[in-house]
file structure.txt (compact mmCIF, C-alpha atoms)
# COMPACT_ATOMS: atom_id res chain seq x y z
CA MET P 844 6.58 -11.44 19.17
CA ALA P 845 5.17 -10.54 15.77
CA ALA P 846 6.07 -7.19 14.27
CA VAL P 847 3.31 -4.60 14.35
CA ARG P 848 2.74 -2.48 11.24
CA PRO P 849 0.13 0.32 11.54
CA CYS P 850 -2.29 0.79 8.66
CA GLY P 851 -2.13 4.49 7.86
CA ASP P 852 -0.75 7.59 9.54
CA TYR P 853 -1.68 8.47 13.09
CA LYS P 854 -1.01 11.71 14.92
CA VAL P 855 -1.43 12.36 18.60
CA SER P 856 -1.02 16.15 18.73
CA TYR P 857 -2.19 19.24 16.87
CA ALA P 858 1.41 20.24 16.14
CA ALA P 859 2.07 16.88 14.47
CA ASP P 860 -1.09 17.19 12.41
CA MET P 861 -0.17 20.70 11.22
CA ALA P 862 3.48 19.91 10.44
CA LEU P 863 4.53 20.75 6.89
CA LEU P 864 6.01 17.26 6.47
CA ASP P 865 3.47 15.45 8.61
CA THR P 866 4.41 11.83 7.87
CA ALA P 867 7.62 9.83 7.79
CA PHE P 868 7.00 9.18 4.10
CA TYR P 869 7.11 12.91 3.32
CA ARG P 870 10.06 13.57 5.63
CA VAL P 871 12.16 10.81 4.11
CA GLY P 872 11.05 11.78 0.60
CA PHE P 873 12.00 15.43 1.14
CA ALA P 874 15.31 14.41 2.71
CA LEU P 875 16.09 12.43 -0.45
CA LEU P 876 14.71 15.04 -2.84
CA VAL P 877 16.89 17.94 -1.73
CA PRO P 878 20.23 16.11 -2.17
CA ALA P 879 18.99 14.73 -5.51
CA LEU P 880 18.21 18.25 -6.71
CA ALA P 881 21.58 19.48 -5.45
CA ALA P 882 23.30 16.69 -7.35
CA ALA P 883 21.31 17.26 -10.55
CA PRO P 884 24.16 19.05 -12.42
CA PHE P 885 26.40 16.01 -11.89
CA LEU P 886 23.66 13.60 -12.95
CA LEU P 887 22.33 15.48 -15.98
CA GLY P 888 25.51 17.05 -17.33
CA ARG P 889 24.77 19.25 -20.34
CA TYR P 890 21.05 18.64 -19.93
CA ILE P 891 20.94 20.71 -16.75
CA PHE P 892 19.24 23.41 -18.81
CA LEU P 893 16.09 21.28 -18.54
CA MET P 894 16.07 21.72 -14.77
CA ASN P 895 16.52 25.47 -15.18
CA ILE P 896 13.48 25.68 -17.45
CA ILE P 897 11.45 23.37 -15.19
CA GLY P 898 12.30 25.37 -12.09
CA ILE P 899 11.37 28.72 -13.64
CA PHE P 900 8.03 27.47 -14.93
CA ALA P 901 7.34 25.54 -11.72
CA ILE P 902 7.56 28.81 -9.77
CA GLY P 903 5.09 30.48 -12.12
CA ALA P 904 2.78 27.45 -12.12
CA THR P 905 2.74 27.46 -8.31
CA GLY P 906 1.18 30.92 -8.43
CA LEU P 907 -1.47 29.78 -10.89
CA ALA P 908 -2.20 26.77 -8.67
CA ILE P 909 -2.89 29.12 -5.75
CA LEU P 910 -5.22 31.18 -7.92
CA THR P 911 -7.04 28.46 -9.86
CA GLY P 912 -6.52 25.27 -7.89
CA PHE P 913 -7.04 26.63 -4.37
CA THR P 914 -9.14 29.78 -4.93
CA GLY P 915 -11.12 28.68 -7.98
CA GLN P 916 -10.43 31.80 -10.06
CA ILE P 917 -9.79 31.14 -13.75
CA SER P 918 -6.98 33.00 -15.52
CA LEU P 919 -5.98 32.79 -19.17
CA GLY P 920 -3.44 35.59 -18.87
CA HIS P 921 -0.85 34.16 -16.50
CA ALA P 922 1.93 34.64 -19.04
CA ALA P 923 1.16 38.37 -19.05
CA PHE P 924 2.15 38.60 -15.37
CA MET P 925 5.33 36.74 -16.22
CA ALA P 926 5.96 39.31 -18.97
CA VAL P 927 5.46 42.15 -16.48
CA GLY P 928 8.05 40.66 -14.15
CA ALA P 929 10.50 40.00 -16.99
CA TYR P 930 10.32 43.50 -18.44
CA VAL P 931 10.39 45.27 -15.08
CA SER P 932 13.48 43.29 -14.12
CA ALA P 933 15.03 43.95 -17.54
CA PHE P 934 14.41 47.71 -17.38
CA ALA P 935 15.53 47.93 -13.74
CA SER P 936 18.82 46.17 -14.40
CA GLU P 937 19.61 47.37 -17.94
CA ARG P 938 18.27 50.92 -18.01
CA PHE P 939 18.64 51.91 -14.35
CA GLY P 940 21.57 49.73 -13.29
CA PHE P 941 19.91 48.03 -10.32
CA ALA P 942 21.46 44.83 -8.99
CA PHE P 943 19.69 41.57 -9.75
CA PRO P 944 18.16 41.08 -6.25
CA VAL P 945 16.70 44.60 -6.33
CA ALA P 946 15.39 44.16 -9.88
CA MET P 947 13.83 40.81 -8.92
CA VAL P 948 12.05 42.31 -5.90
CA LEU P 949 10.77 45.22 -8.00
CA ALA P 950 9.50 42.75 -10.60
CA CYS P 951 7.59 40.81 -7.94
CA LEU P 952 6.06 43.95 -6.43
CA VAL P 953 4.96 45.44 -9.75
CA ALA P 954 3.54 42.08 -10.87
CA PHE P 955 1.65 41.82 -7.56
CA LEU P 956 0.07 45.25 -8.15
CA PHE P 957 -0.93 44.27 -11.69
CA GLY P 958 -2.42 41.03 -10.39
CA ALA P 959 -4.38 42.83 -7.68
CA ALA P 960 -5.75 45.26 -10.28
CA VAL P 961 -6.81 42.43 -12.58
CA GLY P 962 -8.42 40.66 -9.62
CA LEU P 963 -10.70 43.56 -8.76
CA PRO P 964 -13.43 42.57 -11.28
CA SER P 965 -13.47 39.02 -9.87
CA LEU P 966 -15.99 40.12 -7.24
CA ARG P 967 -18.59 40.79 -9.94
CA ILE P 968 -17.67 38.34 -12.68
CA LYS P 969 -16.66 34.70 -12.53
CA GLY P 970 -16.29 31.61 -14.65
CA LEU P 971 -16.12 32.16 -18.40
CA TYR P 972 -16.51 35.93 -18.07
CA LEU P 973 -13.51 36.14 -15.75
CA ALA P 974 -11.51 33.97 -18.14
CA ILE P 975 -12.32 36.35 -21.01
CA ALA P 976 -11.30 39.34 -18.86
CA THR P 977 -7.91 37.79 -18.07
CA LEU P 978 -7.50 36.86 -21.74
CA ALA P 979 -8.06 40.50 -22.65
CA PHE P 980 -5.37 41.47 -20.14
CA GLN P 981 -2.99 39.03 -21.87
CA PHE P 982 -3.43 40.74 -25.24
CA LEU P 983 -3.34 44.20 -23.65
CA ILE P 984 0.05 43.52 -22.05
CA GLU P 985 1.43 42.21 -25.34
CA TYR P 986 0.21 45.37 -27.11
CA MET P 987 1.69 47.65 -24.44
CA ILE P 988 5.08 45.93 -24.50
CA ILE P 989 5.41 46.07 -28.27
CA HIS P 990 4.49 49.76 -28.47
CA ALA P 991 6.42 50.80 -25.36
CA THR P 992 9.67 49.28 -26.59
CA GLY P 993 9.68 50.55 -30.13
CA GLY P 994 8.02 47.76 -32.06
CA THR P 995 10.09 44.61 -31.49
CA GLY P 996 9.90 44.42 -27.70
CA ALA P 997 13.35 42.81 -27.51
CA ILE P 998 15.61 43.89 -24.64
CA LEU P 999 19.05 42.63 -23.73
CA VAL P 1000 19.33 41.74 -20.04
CA PRO P 1001 22.55 41.46 -18.01
CA PRO P 1002 23.25 38.16 -16.27
CA ALA P 1003 22.07 37.60 -12.73
CA GLY P 1004 24.48 38.33 -9.94
CA VAL P 1005 24.58 38.48 -6.15
CA GLY P 1006 27.05 40.87 -4.60
CA GLY P 1007 30.21 40.67 -6.65
CA PHE P 1008 29.44 37.21 -8.00
CA VAL P 1009 28.08 37.06 -11.56
CA VAL P 1010 26.14 34.00 -12.72
CA GLU P 1011 27.66 32.95 -16.03
CA THR P 1012 27.06 29.22 -16.48
CA GLU P 1013 24.01 26.94 -16.50
CA VAL P 1014 25.16 25.22 -13.32
CA GLN P 1015 25.66 28.48 -11.44
CA PHE P 1016 22.23 29.69 -12.47
CA TYR P 1017 20.73 26.36 -11.41
CA TYR P 1018 21.97 26.68 -7.84
CA LEU P 1019 20.69 30.26 -7.65
CA LEU P 1020 17.36 29.07 -9.04
CA LEU P 1021 17.24 26.09 -6.67
CA VAL P 1022 17.29 28.35 -3.60
CA LEU P 1023 14.43 30.46 -4.95
CA TRP P 1024 12.57 27.37 -6.20
CA LEU P 1025 12.63 25.62 -2.83
CA GLY P 1026 11.93 28.84 -0.93
CA SER P 1027 8.92 29.75 -3.06
CA GLY P 1028 7.54 26.21 -2.81
CA ILE P 1029 7.84 26.14 0.98
CA PHE P 1030 6.29 29.61 1.20
CA ALA P 1031 3.32 28.51 -0.94
CA ALA P 1032 2.85 25.35 1.15
CA ASN P 1033 2.71 27.43 4.33
CA ILE P 1034 0.24 29.88 2.77
CA ILE P 1035 -2.13 27.02 1.93
CA ARG P 1036 -1.90 25.73 5.52
CA SER P 1037 -2.59 29.17 7.01
CA ARG P 1038 -5.91 30.94 7.51
CA TYR P 1039 -5.38 32.61 4.14
CA GLY P 1040 -5.22 29.25 2.44
CA LEU P 1041 -8.33 28.07 4.25
CA ALA P 1042 -10.10 31.24 3.12
CA PHE P 1043 -8.96 30.64 -0.45
CA MET P 1044 -10.40 27.12 -0.39
CA ALA P 1045 -13.65 28.35 1.15
CA VAL P 1046 -14.00 30.88 -1.69
CA ARG P 1047 -13.29 28.11 -4.20
CA ASP P 1048 -15.82 25.68 -2.77
CA ARG P 1049 -18.73 28.12 -2.22
CA ASP P 1050 -18.05 31.84 -2.27
CA TYR P 1051 -21.49 32.89 -1.04
CA ALA P 1052 -21.25 30.55 1.96
CA ALA P 1053 -17.75 31.86 2.63
CA GLU P 1054 -19.08 35.42 2.65
CA VAL P 1055 -21.78 34.44 5.13
CA LEU P 1056 -19.06 33.02 7.38
CA GLY P 1057 -17.36 36.42 7.40
CA ILE P 1058 -14.75 35.99 4.68
CA ASN P 1059 -14.16 39.17 2.69
CA LEU P 1060 -14.48 37.93 -0.88
CA LEU P 1061 -12.88 40.95 -2.51
CA ARG P 1062 -9.87 40.86 -0.21
CA TYR P 1063 -9.09 37.19 -0.72
CA LYS P 1064 -9.82 37.12 -4.44
CA VAL P 1065 -7.59 40.14 -5.01
CA LEU P 1066 -4.94 38.63 -2.74
CA SER P 1067 -4.98 35.35 -4.67
CA PHE P 1068 -4.59 37.21 -7.97
CA GLY P 1069 -1.77 39.26 -6.47
CA LEU P 1070 0.07 36.20 -5.14
CA ALA P 1071 -0.33 34.38 -8.47
CA ALA P 1072 1.07 37.41 -10.29
CA LEU P 1073 3.92 37.73 -7.76
CA TYR P 1074 5.01 34.16 -8.47
CA ALA P 1075 4.70 34.76 -12.21
CA GLY P 1076 6.71 37.97 -11.84
CA LEU P 1077 9.45 36.08 -10.02
CA ALA P 1078 9.47 33.48 -12.79
CA GLY P 1079 9.60 36.26 -15.40
CA SER P 1080 12.53 37.96 -13.71
CA LEU P 1081 14.45 34.68 -13.57
CA TRP P 1082 13.56 33.93 -17.18
CA ALA P 1083 14.84 37.34 -18.32
CA HIS P 1084 18.20 36.99 -16.58
CA TYR P 1085 18.52 33.35 -17.64
CA ASN P 1086 17.96 34.02 -21.35
CA LYS P 1087 19.65 37.45 -21.21
CA LEU P 1088 17.04 38.52 -23.76
CA VAL P 1089 13.30 39.08 -23.46
CA THR P 1090 10.82 39.41 -26.30
CA PRO P 1091 7.01 39.32 -26.39
CA GLU P 1092 7.20 35.91 -28.12
CA HIS P 1093 8.21 34.40 -24.78
CA PHE P 1094 4.92 35.35 -23.12
CA THR P 1095 2.12 34.69 -25.61
CA ILE P 1096 -1.26 33.09 -25.03
CA LEU P 1097 0.38 29.73 -25.79
CA THR P 1098 2.53 30.17 -22.68
CA SER P 1099 -0.61 30.82 -20.63
CA ILE P 1100 -2.13 27.64 -22.03
CA ASP P 1101 1.05 25.77 -21.10
CA TYR P 1102 0.64 27.02 -17.54
CA ILE P 1103 -2.92 25.73 -17.42
CA ALA P 1104 -1.72 22.38 -18.77
CA MET P 1105 0.92 22.24 -16.03
CA ILE P 1106 -1.53 22.60 -13.16
CA VAL P 1107 -4.12 20.29 -14.75
CA ILE P 1108 -1.61 17.54 -15.50
CA GLY P 1109 0.18 17.97 -12.17
CA GLY P 1110 -2.97 18.31 -10.07
CA MET P 1111 -4.73 21.58 -9.28
CA GLY P 1112 -5.55 20.69 -5.68
CA SER P 1113 -1.97 19.93 -4.67
CA ILE P 1114 1.00 22.14 -3.91
CA TRP P 1115 3.23 19.47 -5.51
CA GLY P 1116 1.17 19.43 -8.69
CA PRO P 1117 2.68 22.51 -10.40
CA HIS P 1118 6.19 21.11 -10.05
CA LEU P 1119 5.20 17.70 -11.43
CA GLY P 1120 3.19 19.32 -14.22
CA SER P 1121 5.95 21.69 -15.25
CA ALA P 1122 8.44 18.82 -15.35
CA PHE P 1123 6.06 16.81 -17.52
CA VAL P 1124 5.37 19.68 -19.93
CA VAL P 1125 9.03 20.69 -20.27
CA PHE P 1126 10.24 17.12 -20.76
CA LEU P 1127 7.51 16.55 -23.34
CA SER P 1128 8.36 19.73 -25.25
CA GLN P 1129 12.12 19.25 -25.17
CA GLY P 1130 11.80 15.52 -25.80
CA LEU P 1131 9.83 16.17 -28.98
CA LYS P 1132 12.46 18.67 -30.13
CA ILE P 1133 15.17 16.05 -29.64
CA LEU P 1134 13.25 13.10 -31.07
CA THR P 1135 11.59 14.83 -34.02
CA PRO P 1136 14.72 14.98 -36.27
CA LEU P 1137 15.44 11.33 -35.49
CA LEU P 1138 11.89 10.26 -36.30
CA ILE P 1139 11.88 12.24 -39.53
CA LYS P 1140 15.00 10.37 -40.66
CA VAL P 1141 13.34 7.02 -39.97
CA LEU P 1142 9.80 8.02 -41.01
CA PRO P 1143 9.88 10.98 -43.45
CA MET P 1144 6.08 11.19 -43.37
CA PHE P 1145 6.30 12.19 -39.67
CA GLY P 1146 7.59 15.61 -40.76
CA LYS P 1147 4.07 16.57 -41.83
CA ILE P 1148 2.69 16.18 -38.29
CA ALA P 1149 5.81 17.09 -36.30
CA VAL P 1150 4.67 20.66 -35.60
CA PRO P 1151 1.21 19.89 -34.14
CA ALA P 1152 2.44 16.69 -32.40
CA ARG P 1153 3.09 18.54 -29.13
CA GLU P 1154 -0.42 20.00 -28.97
CA VAL P 1155 -1.95 16.65 -29.91
CA LEU P 1156 -0.04 14.88 -27.13
CA PHE P 1157 -1.01 17.60 -24.65
CA GLY P 1158 -4.65 17.18 -25.55
CA MET P 1159 -4.51 13.40 -25.29
CA VAL P 1160 -2.79 13.52 -21.89
CA ILE P 1161 -5.18 16.10 -20.44
CA ILE P 1162 -8.26 14.23 -21.71
CA GLY P 1163 -6.88 10.97 -20.35
CA LEU P 1164 -6.20 12.49 -16.93
CA LEU P 1165 -9.62 14.14 -16.76
CA ILE P 1166 -11.23 10.77 -17.48
CA TRP P 1167 -9.08 8.41 -15.42
CA GLU P 1168 -7.50 10.63 -12.77
CA PRO P 1169 -8.82 14.22 -12.48
CA GLY P 1170 -6.46 14.79 -9.57
CA GLY P 1171 -3.44 14.62 -11.88
CA LEU P 1172 0.02 13.26 -11.21
CA ALA P 1173 -0.06 14.42 -7.58
CA MET P 1174 -3.11 12.26 -6.91
CA LEU P 1175 -1.37 9.26 -8.49
CA LEU P 1176 1.55 9.76 -6.11
CA ARG P 1177 -0.86 10.11 -3.19
CA LYS P 1178 -2.54 6.85 -4.11
CA PHE P 1179 0.84 5.18 -4.36
CA LYS P 1180 1.66 6.46 -0.86
CA ARG P 1181 -1.62 5.05 0.46
CA TYR P 1182 -0.79 1.74 -1.15
CA LEU P 1183 2.57 1.69 0.63
CA ASP P 1184 0.90 2.66 3.92
CA LEU P 1185 -1.53 -0.27 3.74
CA TRP P 1186 0.71 -2.85 2.10
CA PRO P 1187 0.61 -5.83 2.46
CA PHE P 1188 -2.97 -5.55 3.68
CA ALA P 1189 -5.84 -5.31 1.20
CA TYR P 1190 -7.89 -2.80 3.20
call {"tool": "encode", "arguments": {"input": "structure.txt", "output": "structure tokens"}}
result
Amino acid sequence: MAAVRPCGDYKVSYAADMALLDTAFYRVGFALLVPALAAAPFLLGRYIFLMNIIGIFAIGATGLAILTGFTGQISLGHAAFMAVGAYVSAFASERFGFAFPVAMVLACLVAFLFGAAVGLPSLRIKGLYLAIATLAFQFLIEYMIIHATGGTGAILVPPAGVGGFVVETEVQFYYLLLVLWLGSGIFAANIIRSRYGLAFMAVRDRDYAAEVLGINLLRYKVLSFGLAALYAGLAGSLWAHYNKLVTPEHFTILTSIDYIAMIVIGGMGSIWGPHLGSAFVVFLSQGLKILTPLLIKVLPMFGKIAVPAREVLFGMVIIGLLIWEPGGLAMLLRKFKRYLDLWPFAY
């Protein structure tokens, strides 16, 4: 009897259709991904710092994906929410002596409130006007931080710790980060599958039609801004305790642009996109830092363009993706999955 290979994924119950990992491909992939991430320190060695940076920015980019990719609200001030979380966590732990978990929760809550406040005008303004409003918030936060901290804005932050255990090495921080990274990703995936996520997507696709259907635009737009800021605040808190020093230079408009690049390159309509995009952006940035001295030795003329090379490559990649694959890296992986589902058939 010939073997039977189904073309595609079939589900026979509502529970199977609504499962977080709804296909064998995703279940096997996730089962392989988690051990691979757990083994990353043994595989990467001294380069484990790359995974720490990727994980922190992936958490923040997940929040921006909820706001921009799933709710359709543009923000050019995402780094400002990250700054809020970083400085709240720094003040809570350094000035008031709170433990890291308490400081992290306070950072998330304060960032959520800031995000909700910034989201209030989104009911009346949208598109370019909303982008300008969030850009103004970015510069306002930078101004407030510099003047509230005495000019430099630099604050020393104690290392993260849980209970009596103090995180001192890159590997220890990575495992702490991995728990929060996976937890925040799973939480975001469940939000998108819930009625809140469906409301977000309805607002993104046609807000007036969503309002006619009974969706409270103000509530869901403010909630999406708050959730995006909460994720950025969590990333900021982790960044502060990872670097043990926070300055306004960590959260400039360039960081906000990096966040936008992450969700565009990774795929704005996918919950996996922010993680893929952050990995791409971090590897590109760090790779250029490593390769630039080597290229300058071989080609001295490269030193003249070494500084803007990163921005040029970003621009080329984003333009190429917008032309050939607007869905980003996540869509490429989805197409590869479809190819495996249908292989060896041509239809």
call {"tool": "closest_residue", "arguments": {"input": "structure.txt", "among": "P:Tyr1063, P:Phe1068, P:Tyr1102, P:Tyr890", "to": "Ala904 of chain P", "atoms": "only C-alpha atoms"}}
result
P:Tyr1102
call {"tool": "residues_near_point", "arguments": {"input": "structure.txt", "point": "(21.4, 49.5, -20.7)", "cutoff": "10 Å", "atoms": "only C-alpha atoms", "output": "PyMOL selection string"}}
result
chain P and resi 933-940+998-1001
call {"tool": "atom_distance", "arguments": {"input": "structure.txt", "atom1": "atom CA of Gly872 of chain P", "atom2": "atom CA of Phe1016 of chain P"}}
result
24.8 Å
call {"tool": "atom_distance", "arguments": {"input": "structure.txt", "atom1": "atom CA of Arg1049 of chain P", "atom2": "atom CA of Gly920 of chain P"}}
result
23.8 Å
call {"tool": "residues_around", "arguments": {"input": "structure.txt", "residues": "Arg1038 of chain P", "least_positions_apart": "5", "cutoff": "12 Å", "atoms": "all atoms listed in the file", "output": "PyMOL selection string"}}
result
chain P and resi 1033+1043-1045+1058+1063
call {"tool": "atom_distance", "arguments": {"input": "structure.txt", "atom1": "atom CA of Gly1057 of chain P", "atom2": "atom CA of Phe955 of chain P"}}
result
24.8 Å
call {"tool": "closest_residue", "arguments": {"input": "structure.txt", "among": "P:Ile1103, P:Leu1097, P:Leu963, P:Met947", "to": "Leu1077 of chain P", "atoms": "all atoms listed in the file"}}
result
P:Met947
call {"tool": "residues_around", "arguments": {"input": "structure.txt", "residues": "Gly1006 of chain P", "least_positions_apart": "4", "cutoff": "10 Å", "atoms": "all atoms listed in the file", "output": "tab-separated table (two decimals) with C-alpha atoms, keeping the file's coordinate frame"}}
result
chain	number	residue	atom	x	y	z
P	942	ALA	CA	21.46	44.83	-8.99
P	943	PHE	CA	19.69	41.57	-9.75
P	944	PRO	CA	18.16	41.08	-6.25
call {"tool": "closest_residue", "arguments": {"input": "structure.txt", "among": "P:Leu1070, P:Ile989, P:Ala974, P:Leu1056", "to": "Ala954 of chain P", "atoms": "only C-alpha atoms"}}
result
P:Leu1070
call {"tool": "axis_aligned_box", "arguments": {"input": "structure.txt", "around": "segment 936-941 of chain P", "padding_each_side": "3 Å", "output": "lines of an AutoDock Vina configuration file"}}
result
center_x = 19.9
center_y = 49.0
center_z = -14.2
size_x = 9.3
size_y = 11.7
size_z = 13.7
call {"tool": "closest_residue", "arguments": {"input": "structure.txt", "among": "P:Phe1094, P:Phe885, P:Phe957, P:Tyr1074", "to": "Ala1031 of chain P", "atoms": "all atoms listed in the file"}}
result
P:Tyr1074
call {"tool": "residues_around", "arguments": {"input": "structure.txt", "residues": "Ala1032 of chain P", "least_positions_apart": "2", "cutoff": "12 Å", "atoms": "all atoms listed in the file", "output": "list in words"}}
result
Met861, Ala862, Leu863, Leu864, Thr905, Gly906, Ala908, Ile909, Phe913, Leu1025, Gly1026, Ser1027, Gly1028, Ile1029, Phe1030, Ile1034, Ile1035, Arg1036, Ser1037, Tyr1039, Gly1040, Leu1041, Gly1112, Ser1113, Ile1114, Trp1115, Gly1116 and Pro1117 of chain P
call {"tool": "closest_residue", "arguments": {"input": "structure.txt", "among": "P:Thr995, P:His1084, P:Lys1140, P:Gly1109", "to": "Val1009 of chain P", "atoms": "only C-alpha atoms"}}
result
P:His1084
call {"tool": "closest_residue", "arguments": {"input": "structure.txt", "among": "P:Leu893, P:Ala997, P:Leu887, P:Ala858", "to": "Leu1088 of chain P", "atoms": "only C-alpha atoms"}}
result
P:Ala997
call {"tool": "residues_around", "arguments": {"input": "structure.txt", "residues": "Tyr930 of chain P", "least_positions_apart": "4", "cutoff": "9 Å", "atoms": "only C-alpha atoms", "output": "ChimeraX atom specification"}}
result
/P:925-926,934-935,950,988,998,1079-1080,1083,1089-1090
call {"tool": "residues_near_point", "arguments": {"input": "structure.txt", "point": "(-0.8, 36.5, -9.8)", "cutoff": "6 Å", "atoms": "only C-alpha atoms", "output": "VMD selection string"}}
result
chain P and resid 958 1068 to 1073
call {"tool": "write_last_selection", "arguments": {"input": "structure.txt", "atoms": "C-alpha atoms", "output": "PDB file, in the frame of the given file"}}
result
ATOM      1  CA  GLY P 958      -2.420  41.030 -10.390  1.00  0.00           C
ATOM      2  CA  PHE P1068      -4.590  37.210  -7.970  1.00  0.00           C
ATOM      3  CA  GLY P1069      -1.770  39.260  -6.470  1.00  0.00           C
ATOM      4  CA  LEU P1070       0.070  36.200  -5.140  1.00  0.00           C
ATOM      5  CA  ALA P1071      -0.330  34.380  -8.470  1.00  0.00           C
ATOM      6  CA  ALA P1072       1.070  37.410 -10.290  1.00  0.00           C
ATOM      7  CA  LEU P1073       3.920  37.730  -7.760  1.00  0.00           C
TER       8      LEU P1073
END
call {"tool": "build_atoms", "arguments": {"input": "structure.txt", "residues": "segment 882-904 of chain P", "atoms": "N, CA and C atoms", "output": "PDB file, in the coordinates of the input"}}
result
ATOM      1  N   ALA P 882      22.376  17.474  -6.530  1.00  0.00           N
ATOM      2  CA  ALA P 882      23.300  16.690  -7.350  1.00  0.00           C
ATOM      3  C   ALA P 882      22.893  16.649  -8.820  1.00  0.00           C
ATOM      4  N   ALA P 883      21.813  17.316  -9.180  1.00  0.00           N
ATOM      5  CA  ALA P 883      21.310  17.260 -10.550  1.00  0.00           C
ATOM      6  C   ALA P 883      22.349  17.660 -11.604  1.00  0.00           C
ATOM      7  N   PRO P 884      23.165  18.703 -11.386  1.00  0.00           N
ATOM      8  CA  PRO P 884      24.160  19.050 -12.420  1.00  0.00           C
ATOM      9  C   PRO P 884      25.149  17.921 -12.710  1.00  0.00           C
ATOM     10  N   PHE P 885      25.469  17.119 -11.682  1.00  0.00           N
ATOM     11  CA  PHE P 885      26.400  16.010 -11.890  1.00  0.00           C
ATOM     12  C   PHE P 885      25.721  14.832 -12.568  1.00  0.00           C
ATOM     13  N   LEU P 886      24.397  14.715 -12.370  1.00  0.00           N
ATOM     14  CA  LEU P 886      23.660  13.600 -12.950  1.00  0.00           C
ATOM     15  C   LEU P 886      23.222  13.881 -14.382  1.00  0.00           C
ATOM     16  N   LEU P 887      22.876  15.141 -14.668  1.00  0.00           N
ATOM     17  CA  LEU P 887      22.330  15.480 -15.980  1.00  0.00           C
ATOM     18  C   LEU P 887      23.373  16.005 -16.957  1.00  0.00           C
ATOM     19  N   GLY P 888      24.469  16.540 -16.435  1.00  0.00           N
ATOM     20  CA  GLY P 888      25.510  17.050 -17.330  1.00  0.00           C
ATOM     21  C   GLY P 888      25.013  18.227 -18.149  1.00  0.00           C
ATOM     22  N   ARG P 889      25.151  18.134 -19.474  1.00  0.00           N
ATOM     23  CA  ARG P 889      24.770  19.250 -20.340  1.00  0.00           C
ATOM     24  C   ARG P 889      23.269  19.450 -20.429  1.00  0.00           C
ATOM     25  N   TYR P 890      22.505  18.497 -19.916  1.00  0.00           N
ATOM     26  CA  TYR P 890      21.050  18.640 -19.930  1.00  0.00           C
ATOM     27  C   TYR P 890      20.509  19.359 -18.697  1.00  0.00           C
ATOM     28  N   ILE P 891      21.394  19.981 -17.935  1.00  0.00           N
ATOM     29  CA  ILE P 891      20.940  20.710 -16.750  1.00  0.00           C
ATOM     30  C   ILE P 891      20.040  21.875 -17.121  1.00  0.00           C
ATOM     31  N   PHE P 892      20.119  22.317 -18.377  1.00  0.00           N
ATOM     32  CA  PHE P 892      19.240  23.410 -18.810  1.00  0.00           C
ATOM     33  C   PHE P 892      17.768  23.023 -18.662  1.00  0.00           C
ATOM     34  N   LEU P 893      17.473  21.730 -18.731  1.00  0.00           N
ATOM     35  CA  LEU P 893      16.090  21.280 -18.540  1.00  0.00           C
ATOM     36  C   LEU P 893      15.604  21.611 -17.131  1.00  0.00           C
ATOM     37  N   MET P 894      16.454  21.409 -16.145  1.00  0.00           N
ATOM     38  CA  MET P 894      16.070  21.720 -14.770  1.00  0.00           C
ATOM     39  C   MET P 894      15.894  23.216 -14.573  1.00  0.00           C
ATOM     40  N   ASN P 895      16.691  24.024 -15.274  1.00  0.00           N
ATOM     41  CA  ASN P 895      16.520  25.470 -15.180  1.00  0.00           C
ATOM     42  C   ASN P 895      15.156  25.897 -15.721  1.00  0.00           C
ATOM     43  N   ILE P 896      14.783  25.336 -16.867  1.00  0.00           N
ATOM     44  CA  ILE P 896      13.480  25.680 -17.450  1.00  0.00           C
ATOM     45  C   ILE P 896      12.357  25.166 -16.567  1.00  0.00           C
ATOM     46  N   ILE P 897      12.484  23.933 -16.067  1.00  0.00           N
ATOM     47  CA  ILE P 897      11.450  23.370 -15.190  1.00  0.00           C
ATOM     48  C   ILE P 897      11.279  24.209 -13.942  1.00  0.00           C
ATOM     49  N   GLY P 898      12.385  24.595 -13.321  1.00  0.00           N
ATOM     50  CA  GLY P 898      12.300  25.370 -12.090  1.00  0.00           C
ATOM     51  C   GLY P 898      11.632  26.722 -12.293  1.00  0.00           C
ATOM     52  N   ILE P 899      11.975  27.416 -13.373  1.00  0.00           N
ATOM     53  CA  ILE P 899      11.370  28.720 -13.640  1.00  0.00           C
ATOM     54  C   ILE P 899       9.869  28.586 -13.847  1.00  0.00           C
ATOM     55  N   PHE P 900       9.467  27.625 -14.671  1.00  0.00           N
ATOM     56  CA  PHE P 900       8.030  27.470 -14.930  1.00  0.00           C
ATOM     57  C   PHE P 900       7.298  26.874 -13.739  1.00  0.00           C
ATOM     58  N   ALA P 901       7.987  26.079 -12.923  1.00  0.00           N
ATOM     59  CA  ALA P 901       7.340  25.540 -11.720  1.00  0.00           C
ATOM     60  C   ALA P 901       6.988  26.662 -10.748  1.00  0.00           C
ATOM     61  N   ILE P 902       7.858  27.667 -10.648  1.00  0.00           N
ATOM     62  CA  ILE P 902       7.560  28.810  -9.770  1.00  0.00           C
ATOM     63  C   ILE P 902       6.314  29.542 -10.273  1.00  0.00           C
ATOM     64  N   GLY P 903       6.266  29.820 -11.584  1.00  0.00           N
ATOM     65  CA  GLY P 903       5.090  30.480 -12.120  1.00  0.00           C
ATOM     66  C   GLY P 903       3.836  29.643 -11.998  1.00  0.00           C
ATOM     67  N   ALA P 904       3.945  28.328 -12.217  1.00  0.00           N
ATOM     68  CA  ALA P 904       2.780  27.450 -12.120  1.00  0.00           C
ATOM     69  C   ALA P 904       2.279  27.338 -10.689  1.00  0.00           C
TER      70      ALA P 904
END
